[in-house]
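The structure file start30.cif is reproduced below (mmCIF, C-alpha atoms and all ligand atoms).
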data_entry
#
loop_
_atom_site.label_atom_id
_atom_site.label_comp_id
_atom_site.auth_asym_id
_atom_site.auth_seq_id
_atom_site.Cartn_x
_atom_site.Cartn_y
_atom_site.Cartn_z
CA MET A 235 3.61 -14.20 10.88
CA SER A 236 6.75 -12.60 9.53
CA GLY A 237 6.59 -9.26 7.74
CA VAL A 238 9.03 -8.26 5.03
CA GLN A 239 12.35 -9.93 4.31
CA LEU A 240 14.59 -8.97 1.42
CA GLN A 241 18.06 -10.36 0.85
CA GLY A 242 20.41 -8.88 -1.77
CA VAL A 243 17.53 -7.74 -3.98
CA HIS A 244 18.15 -6.13 -7.37
CA VAL A 245 15.39 -4.89 -9.66
CA ARG A 246 16.27 -3.83 -13.19
CA LEU A 247 13.60 -2.15 -15.34
CA GLY A 248 14.65 -1.51 -18.91
CA ASP A 249 18.27 -0.37 -18.68
CA THR A 250 17.89 1.03 -15.16
CA ASP A 251 18.99 -0.61 -11.93
CA VAL A 252 16.01 0.71 -9.98
CA LEU A 253 16.75 -1.18 -6.74
CA ARG A 254 20.27 -2.29 -5.86
CA ASP A 255 21.35 -4.73 -3.20
CA VAL A 256 18.42 -4.18 -0.85
CA THR A 257 18.52 -6.22 2.34
CA LEU A 258 15.78 -5.70 4.92
CA ALA A 259 14.17 -7.67 7.72
CA LEU A 260 11.14 -5.83 9.10
CA ASP A 261 8.53 -7.11 11.46
CA ALA A 262 6.92 -3.80 12.46
CA ARG A 263 3.15 -3.51 12.04
CA SER A 264 3.48 -0.26 10.10
CA ILE A 265 6.43 0.67 7.90
CA ALA A 266 6.89 4.06 6.23
CA VAL A 267 8.95 4.24 3.04
CA VAL A 268 10.37 7.72 2.40
CA GLY A 269 12.84 9.24 -0.03
CA GLU A 270 13.21 11.56 -3.00
CA ASN A 271 11.29 11.35 -6.28
CA GLY A 272 12.68 8.57 -8.41
CA SER A 273 14.62 6.93 -5.58
CA GLY A 274 12.79 3.59 -5.98
CA LYS A 275 10.02 3.68 -3.36
CA SER A 276 7.17 2.71 -5.69
CA THR A 277 9.27 -0.06 -7.13
CA LEU A 278 9.86 -1.37 -3.61
CA ALA A 279 6.09 -1.23 -2.97
CA ARG A 280 5.42 -3.05 -6.24
CA LEU A 281 8.00 -5.68 -5.35
CA LEU A 282 6.23 -6.36 -2.03
CA SER A 283 2.86 -6.57 -3.81
CA GLY A 284 4.12 -9.03 -6.42
CA LEU A 285 3.67 -6.49 -9.26
CA VAL A 286 7.41 -6.41 -10.00
CA ALA A 287 9.81 -9.33 -9.71
CA ALA A 288 13.38 -9.20 -8.40
CA ASN A 289 16.13 -9.94 -10.93
CA GLU A 290 18.38 -11.11 -8.12
CA GLY A 291 18.01 -11.90 -4.43
CA THR A 292 15.29 -13.27 -2.23
CA VAL A 293 11.94 -11.66 -1.36
CA ARG A 294 9.58 -12.90 1.34
CA VAL A 295 6.38 -11.07 2.24
CA LEU A 296 4.35 -12.57 5.10
CA GLY A 297 6.68 -15.55 4.61
CA LEU A 298 5.56 -15.93 0.97
CA ASP A 299 7.61 -15.89 -2.21
CA PRO A 300 5.75 -13.30 -4.36
CA VAL A 301 6.58 -15.15 -7.58
CA ARG A 302 6.09 -18.80 -6.63
CA GLN A 303 3.18 -18.09 -4.26
CA ALA A 304 1.61 -15.26 -6.27
CA ALA A 305 -2.01 -16.37 -5.83
CA GLU A 306 -1.68 -16.64 -2.04
CA LEU A 307 0.09 -13.26 -1.93
CA ARG A 308 -2.70 -11.61 -3.97
CA ARG A 309 -5.23 -13.05 -1.54
CA ARG A 310 -3.47 -11.68 1.52
CA VAL A 311 -1.98 -8.41 0.30
CA ALA A 312 -4.05 -5.39 -0.80
CA VAL A 313 -2.55 -2.53 -2.78
CA ILE A 314 -3.68 1.11 -2.74
CA PHE A 315 -2.35 3.64 -5.25
CA SER A 316 -2.55 7.46 -5.34
CA ASN A 317 -5.04 7.40 -8.18
CA PRO A 318 -8.15 5.42 -7.20
CA ASP A 319 -9.44 5.42 -10.80
CA ALA A 320 -6.93 2.65 -11.47
CA GLN A 321 -8.79 0.45 -8.97
CA ILE A 322 -12.46 1.19 -9.54
CA VAL A 323 -13.94 -1.26 -12.02
CA MET A 324 -17.68 -1.64 -11.42
CA PRO A 325 -20.47 0.83 -12.28
CA THR A 326 -21.85 1.40 -8.78
CA VAL A 327 -20.22 1.82 -5.40
CA ALA A 328 -21.78 -1.31 -3.85
CA GLU A 329 -21.00 -3.43 -6.91
CA ASP A 330 -17.42 -2.26 -6.87
CA VAL A 331 -16.94 -3.32 -3.23
CA ALA A 332 -18.71 -6.65 -3.89
CA PHE A 333 -16.36 -7.23 -6.86
CA SER A 334 -13.44 -7.40 -4.40
CA LEU A 335 -15.04 -10.49 -2.84
CA ARG A 336 -15.65 -12.30 -6.13
CA ALA A 337 -12.92 -14.87 -5.49
CA GLU A 338 -13.87 -15.57 -1.85
CA LYS A 339 -15.73 -18.78 -1.20
CA LEU A 340 -18.43 -17.31 1.03
CA PRO A 341 -22.21 -17.70 1.08
CA ARG A 342 -23.95 -14.91 -0.84
CA ALA A 343 -25.59 -13.57 2.36
CA GLU A 344 -22.23 -13.35 4.12
CA LYS A 345 -20.74 -11.46 1.18
CA ALA A 346 -23.67 -9.01 1.26
CA ARG A 347 -23.22 -8.57 5.02
CA ARG A 348 -19.51 -7.86 4.62
CA VAL A 349 -20.10 -5.38 1.80
CA GLY A 350 -22.73 -3.58 3.89
CA ALA A 351 -20.46 -3.42 6.94
CA ALA A 352 -17.54 -2.14 4.86
CA LEU A 353 -19.67 0.56 3.20
CA ASP A 354 -20.80 1.68 6.67
CA ARG A 355 -17.29 1.72 8.01
CA PHE A 356 -15.96 3.86 5.16
CA GLY A 357 -18.91 6.26 5.27
CA LEU A 358 -20.15 5.12 1.84
CA ALA A 359 -23.49 3.52 2.78
CA ASP A 360 -25.50 6.49 1.48
CA LEU A 361 -23.61 6.33 -1.81
CA ALA A 362 -24.06 2.56 -2.32
CA ASP A 363 -26.10 2.93 -5.53
CA ARG A 364 -24.23 5.92 -6.94
CA SER A 365 -22.11 5.65 -10.07
CA SER A 366 -18.58 4.94 -8.84
CA HIS A 367 -17.04 7.10 -11.55
CA ASP A 368 -19.09 10.15 -10.49
CA LEU A 369 -17.65 10.25 -6.98
CA SER A 370 -15.27 12.99 -5.88
CA GLY A 371 -11.56 12.14 -5.66
CA GLY A 372 -11.77 11.75 -1.89
CA GLN A 373 -14.84 9.50 -2.10
CA LYS A 374 -13.12 7.42 -4.78
CA GLN A 375 -10.09 6.87 -2.58
CA LEU A 376 -12.39 5.81 0.28
CA LEU A 377 -14.07 3.40 -2.16
CA ALA A 378 -10.68 1.97 -3.20
CA LEU A 379 -9.85 1.51 0.49
CA CYS A 380 -13.24 -0.06 1.17
CA GLY A 381 -12.65 -2.56 -1.67
CA ALA A 382 -9.22 -3.39 -0.27
CA PHE A 383 -10.34 -3.78 3.35
CA VAL A 384 -13.48 -5.82 2.66
CA ARG A 385 -11.14 -8.67 1.75
CA ARG A 386 -9.56 -8.47 5.23
CA PRO A 387 -5.98 -8.36 3.97
CA ASP A 388 -3.06 -9.27 6.21
CA LEU A 389 -0.93 -6.56 4.62
CA VAL A 390 -1.90 -3.28 2.97
CA VAL A 391 0.71 -1.72 0.68
CA ALA A 392 -0.26 1.90 0.07
CA ASP A 393 1.71 3.99 -2.43
CA GLU A 394 1.09 7.69 -1.75
CA PRO A 395 -2.56 7.07 -0.90
CA THR A 396 -3.17 10.67 0.20
CA ALA A 397 -1.32 12.42 -2.62
CA TYR A 398 -4.40 13.96 -4.28
CA LEU A 399 -6.57 14.44 -1.20
CA ASP A 400 -7.51 17.54 0.76
CA ALA A 401 -6.58 17.69 4.45
CA ARG A 402 -9.86 16.22 5.69
CA ASN A 403 -9.89 13.28 3.28
CA ALA A 404 -6.17 12.68 3.76
CA ARG A 405 -6.80 12.36 7.50
CA ARG A 406 -9.77 10.06 6.95
CA VAL A 407 -7.81 7.79 4.64
CA ALA A 408 -4.83 7.77 6.98
CA ASP A 409 -7.04 6.94 9.96
CA HIS A 410 -8.41 3.93 8.10
CA LEU A 411 -4.93 2.79 7.12
CA PHE A 412 -3.77 3.03 10.72
CA ALA A 413 -7.08 1.78 12.13
CA ASP A 414 -7.10 -0.01 15.44
CA THR A 415 -5.87 -3.48 14.68
CA SER A 416 -8.59 -4.93 16.92
CA HIS A 417 -11.20 -3.97 14.30
CA PRO A 418 -12.36 -7.19 12.59
CA ASP A 419 -11.69 -5.73 9.14
CA ALA A 420 -8.42 -4.11 10.06
CA SER A 421 -6.03 -6.54 11.69
CA HIS A 422 -3.50 -5.77 9.02
CA ARG A 423 0.06 -4.68 8.61
CA LEU A 424 0.85 -1.54 6.63
CA VAL A 425 3.61 -0.52 4.25
CA LEU A 426 3.11 3.15 3.44
CA VAL A 427 5.06 4.98 0.73
CA THR A 428 4.59 8.67 1.37
CA HIS A 429 6.03 12.15 0.88
CA ASP A 430 3.90 13.30 3.83
CA LEU A 431 6.46 13.13 6.60
CA ARG A 432 3.85 13.70 9.31
CA LEU A 433 2.12 10.57 8.09
CA ALA A 434 5.41 8.71 8.03
CA GLN A 435 5.87 9.70 11.70
CA ARG A 436 2.76 7.69 12.58
CA CYS A 437 4.42 4.44 11.50
CA ASP A 438 6.27 2.12 13.88
CA THR A 439 9.38 2.15 11.71
CA ALA A 440 10.66 3.89 8.59
CA VAL A 441 12.88 3.03 5.64
CA LEU A 442 14.86 5.64 3.71
CA VAL A 443 15.39 4.89 0.02
CA GLN A 444 18.11 6.85 -1.74
CA ASP A 445 19.15 6.30 -5.33
CA GLY A 446 17.84 2.75 -5.54
CA THR A 447 19.08 1.50 -2.23
CA VAL A 448 17.93 1.45 1.38
CA THR A 449 20.25 3.66 3.37
CA GLN A 450 18.53 3.73 6.76
CA VAL A 451 15.95 1.82 8.77
CA GLY A 452 14.75 2.85 12.21
CA PRO A 453 12.38 5.03 14.22
CA PRO A 454 10.60 7.42 11.82
CA ALA A 455 11.88 10.56 13.61
CA HIS A 456 15.52 9.50 13.10
CA VAL A 457 15.04 8.42 9.51
CA ILE A 458 13.24 11.66 8.62
CA GLU A 459 15.99 13.67 10.26
CA THR A 460 18.59 11.94 8.08
CA TYR A 461 16.43 12.41 5.00
CA GLU A 462 15.90 16.12 5.63
CA ALA A 463 19.53 16.69 6.56
CA GLY A 464 20.54 15.44 3.11
CA ILE A 465 18.33 17.90 1.23
CA PRO A 466 20.21 21.02 0.06
CA TRP A 467 17.94 24.01 0.87
N1 LIG B 501 9.15 0.39 -16.05
C1 LIG B 501 10.25 1.13 -15.90
N2 LIG B 501 11.25 1.11 -16.82
C2 LIG B 501 12.37 1.85 -16.65
N3 LIG B 501 12.60 2.63 -15.58
C3 LIG B 501 11.65 2.68 -14.64
C4 LIG B 501 10.43 1.94 -14.72
N4 LIG B 501 9.69 2.19 -13.63
C5 LIG B 501 10.40 3.05 -12.89
N5 LIG B 501 11.57 3.34 -13.49
C6 LIG B 501 12.61 4.25 -12.98
O1 LIG B 501 13.00 3.78 -11.70
C7 LIG B 501 13.32 4.87 -10.85
C8 LIG B 501 12.53 4.72 -9.55
O2 LIG B 501 11.14 4.88 -9.83
P1 LIG B 501 10.05 4.77 -8.67
O3 LIG B 501 8.73 5.05 -9.29
O4 LIG B 501 10.23 3.50 -7.95
O5 LIG B 501 10.51 5.98 -7.75
P2 LIG B 501 9.75 6.66 -6.52
O6 LIG B 501 10.77 6.80 -5.42
O7 LIG B 501 8.50 5.97 -6.20
O8 LIG B 501 9.45 8.10 -7.12
P3 LIG B 501 8.25 9.16 -6.81
O9 LIG B 501 8.47 9.65 -5.42
O10 LIG B 501 8.51 10.23 -7.84
O11 LIG B 501 6.95 8.46 -7.02
C9 LIG B 501 13.02 6.13 -11.63
O12 LIG B 501 14.23 6.61 -12.17
C10 LIG B 501 12.11 5.65 -12.73
O13 LIG B 501 12.24 6.44 -13.89
#

Now, as a test, write the supplied structure out as structure tokens.
Amino acid sequence: MSGVQLQGVHVRLGDTDVLRDVTLALDARSIAVVGENGSGKSTLARLLSGLVAANEGTVRVLGLDPVRQAAELRRRVAVIFSNPDAQIVMPTVAEDVAFSLRAEKLPRAEKARRVGAALDRFGLADLADRSSHDLSGGQKQLLALCGAFVRRPDLVVADEPTAYLDARNARRVADHLFADTSHPDASHRLVLVTHDLRLAQRCDTAVLVQDGTVTQVGPPAHVIETYEAGIPW
């Protein structure tokens, strides 16, 4: 299964060339995307999730064309944002996780089993009947993750998933994102947009985005060094 391949990609939003001439071929299991505010990282994440289309160039994610094979991409790619409120739709925690499986053709008992296992795994079993909107920010992000992982995605695209979390919840969320790929619900690849450079270090490879273009790809330590060297203190 191939990962991410971009060839000469341009994305224009309004009057802005947000991504310019991006060419990438990445097969790492975890990819960090780092760079300054407004450099184009979220747009790159949205491009890989099929939420934004390229104006020029070719995009392949897991070998799929995100425009022509949008339904298949949505089935195999899960997206996590900084603000979990954008992803929580059902009144209770258990219903919200079950909602993620609505499109899966599975027997009802199997769906219930998967929801139960996912709630356990994300430490939400005791909160199953609680109102999803009354959870704390950290619990909500775990719920968003639970809803993403219950579908057993092949790729998780996470855009600053720890931005609003305290240290303990940030670590919990990160541990789930990087979870042992032998776990039945976690044999996924990860694209992680983050300003947390320690988190970026945990990835297999990193991409530096500067002013709408990818300027470096390589081991996270090298890419972070380049990024930090370019910041005027
Ligand atoms: N829908 C849009 N229309 C016009 N410009 C946009 C749109 N979305 C994003 N942009 C612009 O594209 C640029 C890149 O935005 P993007 O959100 O991808 O950056 P980012 O690197 O994720 O930033 P941050 O680290 O602050 O989240 C910014 O200048 C932003 O204002």

Next on the checklist: Report as a ChimeraX atom specification all protein, DNA and RNA residues lying within 8 Å of A:Thr326, evaluated on all atoms listed in the file, omitting residues in the same chain fewer than 6 positions from it.
Outcome noted: /A:362-367

Checklist entry - So which one's closest to ligand LIG 501 (chain B), A:Arg254, A:Arg309, A:Arg436, A:His429? Using all atoms listed in the file, please. => result A:His429

Checklist entry - Which protein, DNA or RNA residues have an atom within 10 Å of ligand LIG 501 (chain B), counting all atoms listed in the file, as a ChimeraX atom specification? => result /A:245-253,267-281,286,316,393-394,427-429,443-446

With C-alpha atoms retained, write the just-selected residues as an mmCIF file, in the frame of the given file.
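Everything below was put into result_25.cif:
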data_model
loop_
_atom_site.group_PDB
_atom_site.id
_atom_site.type_symbol
_atom_site.label_atom_id
_atom_site.label_comp_id
_atom_site.auth_asym_id
_atom_site.auth_seq_id
_atom_site.Cartn_x
_atom_site.Cartn_y
_atom_site.Cartn_z
ATOM 1 C CA VAL A 245 15.390 -4.890 -9.660
ATOM 2 C CA ARG A 246 16.270 -3.830 -13.190
ATOM 3 C CA LEU A 247 13.600 -2.150 -15.340
ATOM 4 C CA GLY A 248 14.650 -1.510 -18.910
ATOM 5 C CA ASP A 249 18.270 -0.370 -18.680
ATOM 6 C CA THR A 250 17.890 1.030 -15.160
ATOM 7 C CA ASP A 251 18.990 -0.610 -11.930
ATOM 8 C CA VAL A 252 16.010 0.710 -9.980
ATOM 9 C CA LEU A 253 16.750 -1.180 -6.740
ATOM 10 C CA VAL A 267 8.950 4.240 3.040
ATOM 11 C CA VAL A 268 10.370 7.720 2.400
ATOM 12 C CA GLY A 269 12.840 9.240 -0.030
ATOM 13 C CA GLU A 270 13.210 11.560 -3.000
ATOM 14 C CA ASN A 271 11.290 11.350 -6.280
ATOM 15 C CA GLY A 272 12.680 8.570 -8.410
ATOM 16 C CA SER A 273 14.620 6.930 -5.580
ATOM 17 C CA GLY A 274 12.790 3.590 -5.980
ATOM 18 C CA LYS A 275 10.020 3.680 -3.360
ATOM 19 C CA SER A 276 7.170 2.710 -5.690
ATOM 20 C CA THR A 277 9.270 -0.060 -7.130
ATOM 21 C CA LEU A 278 9.860 -1.370 -3.610
ATOM 22 C CA ALA A 279 6.090 -1.230 -2.970
ATOM 23 C CA ARG A 280 5.420 -3.050 -6.240
ATOM 24 C CA LEU A 281 8.000 -5.680 -5.350
ATOM 25 C CA VAL A 286 7.410 -6.410 -10.000
ATOM 26 C CA SER A 316 -2.550 7.460 -5.340
ATOM 27 C CA ASP A 393 1.710 3.990 -2.430
ATOM 28 C CA GLU A 394 1.090 7.690 -1.750
ATOM 29 C CA VAL A 427 5.060 4.980 0.730
ATOM 30 C CA THR A 428 4.590 8.670 1.370
ATOM 31 C CA HIS A 429 6.030 12.150 0.880
ATOM 32 C CA VAL A 443 15.390 4.890 0.020
ATOM 33 C CA GLN A 444 18.110 6.850 -1.740
ATOM 34 C CA ASP A 445 19.150 6.300 -5.330
ATOM 35 C CA GLY A 446 17.840 2.750 -5.540
#

Item to check | For A:Asp299, the nearest of the candidates A:Arg336, A:Phe356, A:Lys345, A:Leu240, counting all atoms listed in the file | outcome: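 Among the listed residues, the smallest separation from A:Asp299 belongs to A:Leu240.
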
Item to check | Nearby residues (all atoms listed in the file) at most 12 Å from A:Glu344, same-chain spacing under 6 positions excluded, as a list in words | outcome: Ala332, Leu335, Glu338, Gly350, Ala351 and Val384 of chain A

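Atom pair atom CA of A:Val349 / atom CA of A:Gln321: separated by 16.7 Å.
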
Which residues of stretch 384-455 of chain A come within 9 Å of stretch 460-465 of chain A, and for each one, what is the closest pair of atoms and their distance in Å to one decimal, counting all atoms listed in the file, sorted by chain and residue number, as JSON lines?
{"residue": "A:Leu442", "atom": "CA", "partner": "A:Tyr461", "partner_atom": "CA", "distance": 7.1}
{"residue": "A:Gln444", "atom": "CA", "partner": "A:Tyr461", "partner_atom": "CA", "distance": 8.9}
{"residue": "A:Gln450", "atom": "CA", "partner": "A:Thr460", "partner_atom": "CA", "distance": 8.3}
{"residue": "A:Ala455", "atom": "CA", "partner": "A:Thr460", "partner_atom": "CA", "distance": 8.8}

Item to check | Point-to-point distance in Å for atom CA of A:Ala328 and atom CA of A:Arg263 | outcome: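 Atom CA of A:Ala328 lies 29.6 Å from atom CA of A:Arg263.
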